[in-house]
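Student: Supplied structure: entry_15.tsv, TSV, N, CA and C atoms.
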```
chain	number	residue	atom	x	y	z
A	15	MET	N	-68.78	-54.63	-138.92
A	15	MET	CA	-68.79	-53.19	-138.97
A	15	MET	C	-69.01	-52.72	-140.41
A	16	LEU	N	-69.53	-51.52	-140.54
A	16	LEU	CA	-69.87	-50.99	-141.85
A	16	LEU	C	-69.49	-49.53	-141.93
A	17	ASN	N	-68.82	-49.14	-143.00
A	17	ASN	CA	-68.46	-47.75	-143.27
A	17	ASN	C	-68.77	-47.50	-144.73
A	18	LYS	N	-70.00	-47.06	-145.01
A	18	LYS	CA	-70.44	-46.83	-146.38
A	18	LYS	C	-71.19	-45.50	-146.45
A	19	VAL	N	-70.84	-44.69	-147.44
A	19	VAL	CA	-71.45	-43.38	-147.63
A	19	VAL	C	-71.95	-43.30	-149.07
A	20	ILE	N	-73.18	-42.81	-149.24
A	20	ILE	CA	-73.74	-42.55	-150.56
A	20	ILE	C	-74.26	-41.12	-150.56
A	21	LEU	N	-73.76	-40.32	-151.50
A	21	LEU	CA	-74.12	-38.90	-151.58
A	21	LEU	C	-74.51	-38.54	-153.00
A	22	ILE	N	-75.44	-37.60	-153.13
A	22	ILE	CA	-75.76	-37.00	-154.42
A	22	ILE	C	-75.73	-35.49	-154.21
A	23	GLY	N	-74.98	-34.80	-155.05
A	23	GLY	CA	-74.88	-33.36	-154.92
A	23	GLY	C	-74.17	-32.76	-156.11
A	24	ARG	N	-73.88	-31.46	-155.99
A	24	ARG	CA	-73.22	-30.72	-157.08
A	24	ARG	C	-71.82	-30.30	-156.65
A	25	LEU	N	-70.89	-30.33	-157.60
A	25	LEU	CA	-69.53	-29.91	-157.33
A	25	LEU	C	-69.46	-28.40	-157.11
A	26	THR	N	-68.70	-27.98	-156.12
A	26	THR	CA	-68.55	-26.55	-155.83
A	26	THR	C	-67.44	-25.92	-156.65
A	27	ARG	N	-66.58	-26.73	-157.23
A	27	ARG	CA	-65.47	-26.25	-158.06
A	27	ARG	C	-65.00	-27.40	-158.93
A	28	ASP	N	-64.13	-27.13	-159.88
A	28	ASP	CA	-63.56	-28.18	-160.71
A	28	ASP	C	-62.70	-29.11	-159.85
A	29	PRO	N	-62.67	-30.42	-160.18
A	29	PRO	CA	-61.79	-31.33	-159.45
A	29	PRO	C	-60.33	-30.91	-159.57
A	30	GLU	N	-59.57	-31.10	-158.50
A	30	GLU	CA	-58.15	-30.76	-158.47
A	30	GLU	C	-57.35	-32.06	-158.58
A	31	LEU	N	-56.69	-32.26	-159.72
A	31	LEU	CA	-55.94	-33.49	-159.98
A	31	LEU	C	-54.47	-33.31	-159.64
A	32	ARG	N	-53.93	-34.26	-158.91
A	32	ARG	CA	-52.50	-34.30	-158.59
A	32	ARG	C	-52.01	-35.73	-158.72
A	33	TYR	N	-50.71	-35.89	-158.63
A	33	TYR	CA	-50.12	-37.22	-158.68
A	33	TYR	C	-49.20	-37.40	-157.47
A	34	THR	N	-49.22	-38.61	-156.89
A	34	THR	CA	-48.33	-38.91	-155.78
A	34	THR	C	-46.91	-39.05	-156.33
A	35	THR	N	-45.93	-39.17	-155.45
A	35	THR	CA	-44.55	-39.35	-155.90
A	35	THR	C	-44.37	-40.66	-156.66
A	36	ASN	N	-45.29	-41.60	-156.46
A	36	ASN	CA	-45.26	-42.88	-157.18
A	36	ASN	C	-46.03	-42.82	-158.49
A	37	GLY	N	-46.59	-41.64	-158.84
A	37	GLY	CA	-47.31	-41.48	-160.10
A	37	GLY	C	-48.77	-41.89	-160.05
A	38	ILE	N	-49.33	-42.05	-158.88
A	38	ILE	CA	-50.74	-42.43	-158.75
A	38	ILE	C	-51.60	-41.16	-158.73
A	39	ALA	N	-52.61	-41.15	-159.59
A	39	ALA	CA	-53.51	-40.00	-159.69
A	39	ALA	C	-54.44	-39.92	-158.48
A	40	VAL	N	-54.62	-38.70	-157.98
A	40	VAL	CA	-55.58	-38.45	-156.89
A	40	VAL	C	-56.27	-37.12	-157.19
A	41	ALA	N	-57.59	-37.13	-157.12
A	41	ALA	CA	-58.38	-35.91	-157.35
A	41	ALA	C	-59.14	-35.58	-156.08
A	42	LYS	N	-59.20	-34.28	-155.79
A	42	LYS	CA	-59.97	-33.80	-154.66
A	42	LYS	C	-61.04	-32.86	-155.19
A	43	MET	N	-62.23	-32.94	-154.60
A	43	MET	CA	-63.34	-32.08	-154.99
A	43	MET	C	-64.25	-31.90	-153.79
A	44	THR	N	-65.11	-30.90	-153.85
A	44	THR	CA	-66.06	-30.65	-152.77
A	44	THR	C	-67.47	-30.76	-153.34
A	45	LEU	N	-68.31	-31.50	-152.63
A	45	LEU	CA	-69.68	-31.76	-153.04
A	45	LEU	C	-70.64	-30.99	-152.14
A	46	ALA	N	-71.54	-30.22	-152.74
A	46	ALA	CA	-72.59	-29.51	-152.00
A	46	ALA	C	-73.83	-30.41	-151.97
A	47	VAL	N	-74.27	-30.75	-150.75
A	47	VAL	CA	-75.41	-31.64	-150.57
A	47	VAL	C	-76.44	-30.93	-149.69
A	48	ASP	N	-77.64	-30.72	-150.23
A	48	ASP	CA	-78.70	-30.07	-149.46
A	48	ASP	C	-79.22	-31.02	-148.38
A	49	ARG	N	-79.49	-30.46	-147.21
A	49	ARG	CA	-80.13	-31.22	-146.14
A	49	ARG	C	-81.62	-31.34	-146.46
A	50	PRO	N	-82.26	-32.43	-146.04
A	50	PRO	CA	-83.67	-32.61	-146.39
A	50	PRO	C	-84.64	-31.69	-145.65
A	51	GLN	N	-84.23	-31.12	-144.53
A	51	GLN	CA	-85.13	-30.26	-143.75
A	51	GLN	C	-84.72	-28.80	-143.90
A	52	PHE	N	-85.63	-27.89	-143.50
A	52	PHE	CA	-85.38	-26.46	-143.55
A	52	PHE	C	-84.97	-25.96	-142.17
A	53	ASN	N	-84.24	-24.84	-142.13
A	53	ASN	CA	-83.87	-24.23	-140.84
A	53	ASN	C	-85.01	-23.35	-140.34
A	54	LYS	N	-84.78	-22.63	-139.25
A	54	LYS	CA	-85.83	-21.78	-138.65
A	54	LYS	C	-86.31	-20.68	-139.58
A	55	GLU	N	-85.42	-20.22	-140.49
A	55	GLU	CA	-85.78	-19.16	-141.43
A	55	GLU	C	-86.41	-19.73	-142.70
A	56	LYS	N	-86.78	-21.00	-142.68
A	56	LYS	CA	-87.41	-21.69	-143.83
A	56	LYS	C	-86.49	-21.74	-145.05
A	57	GLU	N	-85.18	-21.84	-144.79
A	57	GLU	CA	-84.21	-21.96	-145.86
A	57	GLU	C	-83.55	-23.33	-145.81
A	58	LYS	N	-83.19	-23.83	-146.97
A	58	LYS	CA	-82.45	-25.09	-147.03
A	58	LYS	C	-81.03	-24.86	-146.55
A	59	GLU	N	-80.48	-25.82	-145.82
A	59	GLU	CA	-79.08	-25.76	-145.44
A	59	GLU	C	-78.31	-26.76	-146.28
A	60	THR	N	-77.05	-26.45	-146.51
A	60	THR	CA	-76.22	-27.28	-147.37
A	60	THR	C	-74.96	-27.69	-146.63
A	61	ASP	N	-74.58	-28.96	-146.82
A	61	ASP	CA	-73.30	-29.45	-146.30
A	61	ASP	C	-72.30	-29.49	-147.45
A	62	PHE	N	-71.05	-29.13	-147.16
A	62	PHE	CA	-69.98	-29.14	-148.16
A	62	PHE	C	-69.01	-30.24	-147.75
A	63	ILE	N	-68.98	-31.31	-148.54
A	63	ILE	CA	-68.27	-32.53	-148.17
A	63	ILE	C	-67.09	-32.74	-149.10
A	64	ASP	N	-65.91	-32.93	-148.51
A	64	ASP	CA	-64.70	-33.18	-149.29
A	64	ASP	C	-64.70	-34.62	-149.80
A	65	ILE	N	-64.37	-34.78	-151.08
A	65	ILE	CA	-64.33	-36.08	-151.74
A	65	ILE	C	-62.92	-36.31	-152.27
A	66	VAL	N	-62.40	-37.52	-152.10
A	66	VAL	CA	-61.10	-37.92	-152.63
A	66	VAL	C	-61.30	-39.12	-153.56
A	67	VAL	N	-60.74	-39.04	-154.76
A	67	VAL	CA	-60.86	-40.12	-155.75
A	67	VAL	C	-59.46	-40.50	-156.20
A	68	TRP	N	-59.22	-41.79	-156.39
A	68	TRP	CA	-57.89	-42.28	-156.74
A	68	TRP	C	-57.85	-42.92	-158.12
A	69	GLN	N	-56.66	-43.00	-158.66
A	69	GLN	CA	-56.26	-43.73	-159.86
A	69	GLN	C	-57.00	-43.27	-161.11
A	70	LYS	N	-57.40	-44.18	-161.98
A	70	LYS	CA	-58.01	-43.85	-163.27
A	70	LYS	C	-59.28	-43.03	-163.09
A	71	GLN	N	-60.05	-43.37	-162.06
A	71	GLN	CA	-61.29	-42.64	-161.81
A	71	GLN	C	-61.02	-41.17	-161.48
A	72	ALA	N	-59.88	-40.89	-160.84
A	72	ALA	CA	-59.49	-39.51	-160.55
A	72	ALA	C	-59.25	-38.75	-161.85
A	73	GLU	N	-58.55	-39.36	-162.78
A	73	GLU	CA	-58.28	-38.72	-164.07
A	73	GLU	C	-59.57	-38.51	-164.86
A	74	THR	N	-60.46	-39.49	-164.83
A	74	THR	CA	-61.73	-39.38	-165.53
A	74	THR	C	-62.56	-38.24	-164.96
A	75	CYS	N	-62.61	-38.11	-163.65
A	75	CYS	CA	-63.35	-37.02	-163.02
A	75	CYS	C	-62.74	-35.67	-163.39
A	76	ALA	N	-61.42	-35.56	-163.32
A	76	ALA	CA	-60.75	-34.29	-163.63
A	76	ALA	C	-60.97	-33.88	-165.08
A	77	ASN	N	-61.03	-34.84	-165.98
A	77	ASN	CA	-61.18	-34.55	-167.41
A	77	ASN	C	-62.62	-34.29	-167.83
A	78	ASN	N	-63.60	-34.76	-167.04
A	78	ASN	CA	-64.99	-34.70	-167.48
A	78	ASN	C	-65.94	-33.95	-166.57
A	79	LEU	N	-65.51	-33.59	-165.38
A	79	LEU	CA	-66.39	-32.90	-164.44
A	79	LEU	C	-65.94	-31.47	-164.23
A	80	GLY	N	-66.88	-30.63	-163.82
A	80	GLY	CA	-66.58	-29.25	-163.51
A	80	GLY	C	-67.58	-28.71	-162.50
A	81	LYS	N	-67.34	-27.50	-162.09
A	81	LYS	CA	-68.20	-26.83	-161.11
A	81	LYS	C	-69.67	-26.91	-161.53
A	82	GLY	N	-70.54	-27.28	-160.59
A	82	GLY	CA	-71.96	-27.33	-160.83
A	82	GLY	C	-72.49	-28.67	-161.32
A	83	ARG	N	-71.61	-29.59	-161.70
A	83	ARG	CA	-72.07	-30.89	-162.20
A	83	ARG	C	-72.68	-31.72	-161.09
A	84	LEU	N	-73.76	-32.43	-161.42
A	84	LEU	CA	-74.46	-33.31	-160.49
A	84	LEU	C	-73.85	-34.70	-160.55
A	85	ILE	N	-73.41	-35.21	-159.39
A	85	ILE	CA	-72.80	-36.53	-159.34
A	85	ILE	C	-73.32	-37.32	-158.14
A	86	ALA	N	-73.17	-38.64	-158.23
A	86	ALA	CA	-73.42	-39.53	-157.10
A	86	ALA	C	-72.08	-40.12	-156.69
A	87	VAL	N	-71.85	-40.18	-155.39
A	87	VAL	CA	-70.59	-40.71	-154.86
A	87	VAL	C	-70.92	-41.85	-153.91
A	88	GLU	N	-70.22	-42.96	-154.09
A	88	GLU	CA	-70.33	-44.08	-153.16
A	88	GLU	C	-68.93	-44.37	-152.66
A	89	GLY	N	-68.78	-44.43	-151.34
A	89	GLY	CA	-67.46	-44.66	-150.79
A	89	GLY	C	-67.50	-44.85	-149.29
A	90	ARG	N	-66.40	-44.46	-148.63
A	90	ARG	CA	-66.31	-44.63	-147.18
A	90	ARG	C	-65.85	-43.33	-146.55
A	91	LEU	N	-66.27	-43.12	-145.29
A	91	LEU	CA	-65.86	-41.94	-144.54
A	91	LEU	C	-64.48	-42.20	-143.94
A	92	GLN	N	-63.60	-41.22	-144.09
A	92	GLN	CA	-62.24	-41.32	-143.53
A	92	GLN	C	-61.96	-40.06	-142.71
A	93	ILE	N	-61.48	-40.25	-141.50
A	93	ILE	CA	-61.07	-39.15	-140.64
A	93	ILE	C	-59.55	-39.24	-140.53
A	94	ARG	N	-58.87	-38.15	-140.90
A	94	ARG	CA	-57.40	-38.15	-140.81
A	94	ARG	C	-56.94	-36.97	-139.98
A	95	SER	N	-55.78	-37.12	-139.38
A	95	SER	CA	-55.18	-36.06	-138.57
A	95	SER	C	-53.97	-35.49	-139.29
A	96	TYR	N	-53.73	-34.19	-139.06
A	96	TYR	CA	-52.56	-33.54	-139.65
A	96	TYR	C	-52.19	-32.34	-138.77
A	97	ASP	N	-50.97	-31.85	-138.93
A	97	ASP	CA	-50.51	-30.66	-138.22
A	97	ASP	C	-50.59	-29.48	-139.18
A	98	ASP	N	-51.25	-28.39	-138.76
A	98	ASP	CA	-51.37	-27.21	-139.62
A	98	ASP	C	-50.07	-26.41	-139.60
A	99	ASN	N	-50.06	-25.25	-140.27
A	99	ASN	CA	-48.86	-24.41	-140.40
A	99	ASN	C	-48.32	-23.95	-139.06
A	100	GLN	N	-49.19	-23.85	-138.05
A	100	GLN	CA	-48.77	-23.38	-136.73
A	100	GLN	C	-48.48	-24.53	-135.77
A	101	GLY	N	-48.45	-25.77	-136.31
A	101	GLY	CA	-48.13	-26.93	-135.49
A	101	GLY	C	-49.29	-27.45	-134.66
A	102	ILE	N	-50.48	-26.97	-134.92
A	102	ILE	CA	-51.66	-27.42	-134.18
A	102	ILE	C	-52.23	-28.67	-134.85
A	103	ARG	N	-52.53	-29.67	-134.04
A	103	ARG	CA	-53.09	-30.93	-134.54
A	103	ARG	C	-54.54	-30.71	-134.96
A	104	ARG	N	-54.89	-31.07	-136.19
A	104	ARG	CA	-56.24	-30.90	-136.75
A	104	ARG	C	-56.75	-32.24	-137.26
A	105	LYS	N	-58.06	-32.32	-137.44
A	105	LYS	CA	-58.69	-33.50	-138.03
A	105	LYS	C	-59.49	-33.06	-139.25
A	106	ALA	N	-59.53	-33.91	-140.24
A	106	ALA	CA	-60.31	-33.64	-141.45
A	106	ALA	C	-61.15	-34.87	-141.77
A	107	ALA	N	-62.41	-34.65	-142.10
A	107	ALA	CA	-63.29	-35.72	-142.54
A	107	ALA	C	-63.46	-35.62	-144.05
A	108	GLU	N	-63.37	-36.74	-144.73
A	108	GLU	CA	-63.54	-36.76	-146.18
A	108	GLU	C	-64.10	-38.11	-146.59
A	109	VAL	N	-64.73	-38.14	-147.75
A	109	VAL	CA	-65.24	-39.38	-148.30
A	109	VAL	C	-64.25	-39.86	-149.36
A	110	VAL	N	-63.76	-41.07	-149.19
A	110	VAL	CA	-62.90	-41.70	-150.19
A	110	VAL	C	-63.82	-42.48	-151.13
A	111	ALA	N	-63.90	-42.03	-152.37
A	111	ALA	CA	-64.87	-42.58	-153.32
A	111	ALA	C	-64.41	-43.90	-153.90
A	112	ASP	N	-65.34	-44.85	-153.93
A	112	ASP	CA	-65.14	-46.10	-154.66
A	112	ASP	C	-65.74	-45.97	-156.06
A	113	THR	N	-66.89	-45.27	-156.13
A	113	THR	CA	-67.61	-45.12	-157.39
A	113	THR	C	-68.13	-43.69	-157.50
A	114	ILE	N	-67.97	-43.12	-158.70
A	114	ILE	CA	-68.55	-41.80	-159.02
A	114	ILE	C	-69.43	-42.00	-160.24
A	115	LYS	N	-70.66	-41.53	-160.16
A	115	LYS	CA	-71.57	-41.59	-161.30
A	115	LYS	C	-71.91	-40.17	-161.72
A	116	PHE	N	-71.83	-39.90	-163.02
A	116	PHE	CA	-72.18	-38.59	-163.57
A	116	PHE	C	-73.69	-38.61	-163.80
A	117	LEU	N	-74.41	-37.69	-163.18
A	117	LEU	CA	-75.87	-37.71	-163.25
A	117	LEU	C	-76.47	-36.67	-164.18
A	118	ASP	N	-75.66	-35.83	-164.79
A	118	ASP	CA	-76.17	-34.87	-165.75
A	118	ASP	C	-75.17	-34.69	-166.88
A	119	TRP	N	-75.57	-33.92	-167.87
A	119	TRP	CA	-74.71	-33.60	-169.00
A	119	TRP	C	-74.05	-32.25	-168.74
A	120	PRO	N	-72.85	-32.02	-169.27
A	120	PRO	CA	-72.24	-30.69	-169.13
A	120	PRO	C	-73.10	-29.65	-169.85
A	121	LYS	N	-73.14	-28.43	-169.29
A	121	LYS	CA	-73.98	-27.36	-169.86
A	121	LYS	C	-73.53	-26.95	-171.25
A	122	ASP	N	-72.26	-27.02	-171.54
A	122	ASP	CA	-71.76	-26.57	-172.84
A	122	ASP	C	-71.68	-27.71	-173.85
A	123	ARG	N	-72.34	-28.82	-173.57
A	123	ARG	CA	-72.31	-29.98	-174.45
A	123	ARG	C	-72.95	-29.63	-175.79
A	124	ASP	N	-72.34	-30.05	-176.86
A	124	ASP	CA	-72.81	-29.76	-178.22
A	124	ASP	C	-73.99	-30.68	-178.55
A	125	ASN	N	-75.16	-30.11	-178.73
A	125	ASN	CA	-76.35	-30.91	-179.05
A	125	ASN	C	-76.31	-31.49	-180.45
A	126	GLN	N	-75.46	-30.97	-181.32
A	126	GLN	CA	-75.40	-31.48	-182.68
A	126	GLN	C	-74.41	-32.63	-182.81
A	127	GLY	N	-73.57	-32.82	-181.81
A	127	GLY	CA	-72.55	-33.87	-181.88
A	127	GLY	C	-73.15	-35.24	-181.68
A	128	SER	N	-72.32	-36.24	-181.79
A	128	SER	CA	-72.80	-37.60	-181.59
A	128	SER	C	-72.96	-37.86	-180.10
A	129	SER	N	-73.79	-38.80	-179.77
A	129	SER	CA	-73.98	-39.17	-178.37
A	129	SER	C	-73.86	-40.67	-178.25
A	130	SER	N	-73.85	-41.15	-177.01
A	130	SER	CA	-73.74	-42.58	-176.80
A	130	SER	C	-75.02	-43.29	-177.23
A	131	PHE	N	-76.08	-42.54	-177.56
A	131	PHE	CA	-77.32	-43.14	-178.00
A	131	PHE	C	-77.40	-43.18	-179.52
A	132	GLY	N	-76.34	-42.74	-180.20
A	132	GLY	CA	-76.29	-42.75	-181.65
A	132	GLY	C	-76.98	-41.54	-182.25
A	133	GLY	N	-76.57	-41.17	-183.44
A	133	GLY	CA	-77.21	-40.06	-184.14
A	133	GLY	C	-76.92	-38.72	-183.51
A	134	GLY	N	-77.94	-37.85	-183.48
A	134	GLY	CA	-77.79	-36.49	-182.98
A	134	GLY	C	-77.62	-36.44	-181.49
A	135	GLY	N	-77.68	-35.25	-180.95
A	135	GLY	CA	-77.50	-35.04	-179.53
A	135	GLY	C	-78.63	-35.64	-178.71
A	136	PHE	N	-78.41	-35.80	-177.45
A	136	PHE	CA	-79.40	-36.36	-176.54
A	136	PHE	C	-80.65	-35.49	-176.56
A	137	GLY	N	-81.81	-36.12	-176.71
A	137	GLY	CA	-83.05	-35.38	-176.70
A	137	GLY	C	-83.43	-34.82	-178.06
A	138	SER	N	-82.64	-35.11	-179.10
A	138	SER	CA	-82.99	-34.59	-180.42
A	138	SER	C	-84.13	-35.42	-181.00
A	139	GLU	N	-84.90	-34.79	-181.87
A	139	GLU	CA	-86.08	-35.43	-182.43
A	139	GLU	C	-85.68	-36.45	-183.48
A	140	ILE	N	-86.37	-37.59	-183.47
A	140	ILE	CA	-86.16	-38.61	-184.50
A	140	ILE	C	-87.50	-38.85	-185.19
A	141	SER	N	-87.43	-39.28	-186.41
A	141	SER	CA	-88.68	-39.56	-187.13
A	141	SER	C	-88.86	-41.07	-187.27
A	142	PHE	N	-90.12	-41.50	-187.23
A	142	PHE	CA	-90.43	-42.90	-187.44
A	142	PHE	C	-91.87	-42.99	-187.94
A	143	SER	N	-92.20	-44.11	-188.54
A	143	SER	CA	-93.57	-44.30	-189.02
A	143	SER	C	-94.23	-45.38	-188.16
A	144	GLY	N	-95.51	-45.54	-188.32
A	144	GLY	CA	-96.25	-46.56	-187.59
A	144	GLY	C	-95.75	-47.96	-187.88
A	145	ASP	N	-95.13	-48.14	-189.06
A	145	ASP	CA	-94.60	-49.46	-189.43
A	145	ASP	C	-93.40	-49.84	-188.57
A	146	ASP	N	-92.77	-48.85	-187.95
A	146	ASP	CA	-91.59	-49.12	-187.11
A	146	ASP	C	-91.97	-49.72	-185.77
A	147	ILE	N	-93.21	-49.57	-185.34
A	147	ILE	CA	-93.64	-50.06	-184.03
A	147	ILE	C	-94.03	-51.54	-184.15
A	148	PRO	N	-93.44	-52.43	-183.33
A	148	PRO	CA	-93.65	-53.87	-183.51
A	148	PRO	C	-94.97	-54.41	-182.95
A	149	PHE	N	-95.82	-53.59	-182.38
A	149	PHE	CA	-97.08	-54.12	-181.81
A	149	PHE	C	-98.28	-53.39	-182.34
```
What's the structure tokens form of this structure?
Tutor:
Amino acid sequence: MLNKVILIGRLTRDPELRYTTNGIAVAKMTLAVDRPQFNKEKEKETDFIDIVVWQKQAETCANNLGKGRLIAVEGRLQIRSYDDNQGIRRKAAEVVADTIKFLDWPKDRDNQGSSSFGGGGFGSEISFSGDDIPF
């Protein structure tokens, strides 16, 4: 049997970080994923999928992601049951993430700061001469 989900979409709100009574971090977020086809009115439809992330990855997501960020999620589909405020039995579908990949940069990122590529911000101009090219 196989239960594997891979999604790419944008966050609808900032991740919500909480801790269990045992001190384990858990973050919840909602991912907006466009459907590949159009509806009768020639408009794209979007699915809003609940994502749950655990432990260190939950803290990393809460500290580095926000509304509108583009991410990839790999995990499994989980269906859980619960009783609502009126005692009615409900079901909820959510993706429990194994891996989250950040696919874009935050909009307010400082272009003058250092980046993981060294030097100036990502996409900044660098100078080189023909002697720098090895071929």
Student: Quick one: of A:Lys81, A:Arg49, A:Lys58, A:Arg90, who's nearest to Thr26 of chain A, counting only N, CA and C atoms?
Tutor: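 Of A:Lys81, A:Arg49, A:Lys58, A:Arg90, the one nearest Thr26 of chain A, counting only N, CA and C atoms, is A:Lys81.
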Student: Using only C-alpha atoms, which of the listed residues (A:Ile22, A:Leu79, A:Ile65, A:Pro120) sits closest to Ala106 of chain A?
Tutor: A:Ile65
Student: Which residue out of A:Ala76, A:Ile20, A:Val47, A:Ala86 has the minimum interatomic distance to Thr60 of chain A when only N, CA and C atoms are used?
Tutor: A:Val47
Student: Where does DSSP see alpha helix (DSSP H) in segment 20-124 of chain A, if you list the residues as a PyMOL selection string?
Tutor: chain A and resi 69-78
Student: To one decimal place in Å, what is the distance between atom N of Ala107 of chain A and atom N of Val66 of chain A?
Tutor: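 A separation of 10.4 Å between them.
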Student: Leaving out Leu117 of chain A and any residue of its chain fewer than 2 positions from it, which residues lie within 6 Å of it when counting all atoms listed in the file, given as a ChimeraX atom specification?
Tutor: /A:84-86,115,119
Student: Could you check the closest approach to Pro29 of chain A for each of A:Arg83, A:Lys42, A:Arg103, A:Lys70 and tell me which residue wins, using all atoms listed in the file?
Tutor: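 The closest residue to Pro29 of chain A is A:Lys42.
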Student: If you count all atoms listed in the file, which residues fall within 8 Å of Lys18 of chain A, apart from same-chain ones fewer than 2 positions away, as a list in words?
Tutor: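 Here the answer would be Met15, Leu16, Ile20, Leu21, Glu88, Gly89, Arg90 and Leu91 of chain A.
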Student: DSSP says strand (DSSP E or B) for which residues of segment 54-138 of chain A? Put them as a PyMOL selection string?
Tutor: chain A and resi 58-68+84-97+103-116
Student: Interatomic distance between atom C of Glu55 of chain A and atom CA of Val109 of chain A?
Tutor: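 So the two atoms, atom C of Glu55 of chain A and atom CA of Val109 of chain A, lie 29.4 Å apart.
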Student: Under the rule that only C-alpha atoms are counted, which of A:Ile114, A:Asp97, A:Val67, A:Glu57 is the nearest residue to Tyr33 of chain A?
Tutor: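 Under the stated criterion, the closest residue is A:Val67.
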Student: Go through A:Lys56, A:Ala72, A:Val19, A:Leu45 one by one, measure the shortest atom-to-atom distance of each to Leu31 of chain A using only N, CA and C atoms, and give the residue with the smallest value.
Tutor: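 Distance minimum relative to Leu31 of chain A lands on A:Ala72.
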Student: Which value, in Å to one decimal, gives the distance between atom C of Phe62 of chain A and atom N of Thr44 of chain A?
Tutor: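 For atom C of Phe62 of chain A relative to atom N of Thr44 of chain A, the distance reads 7.3 Å.
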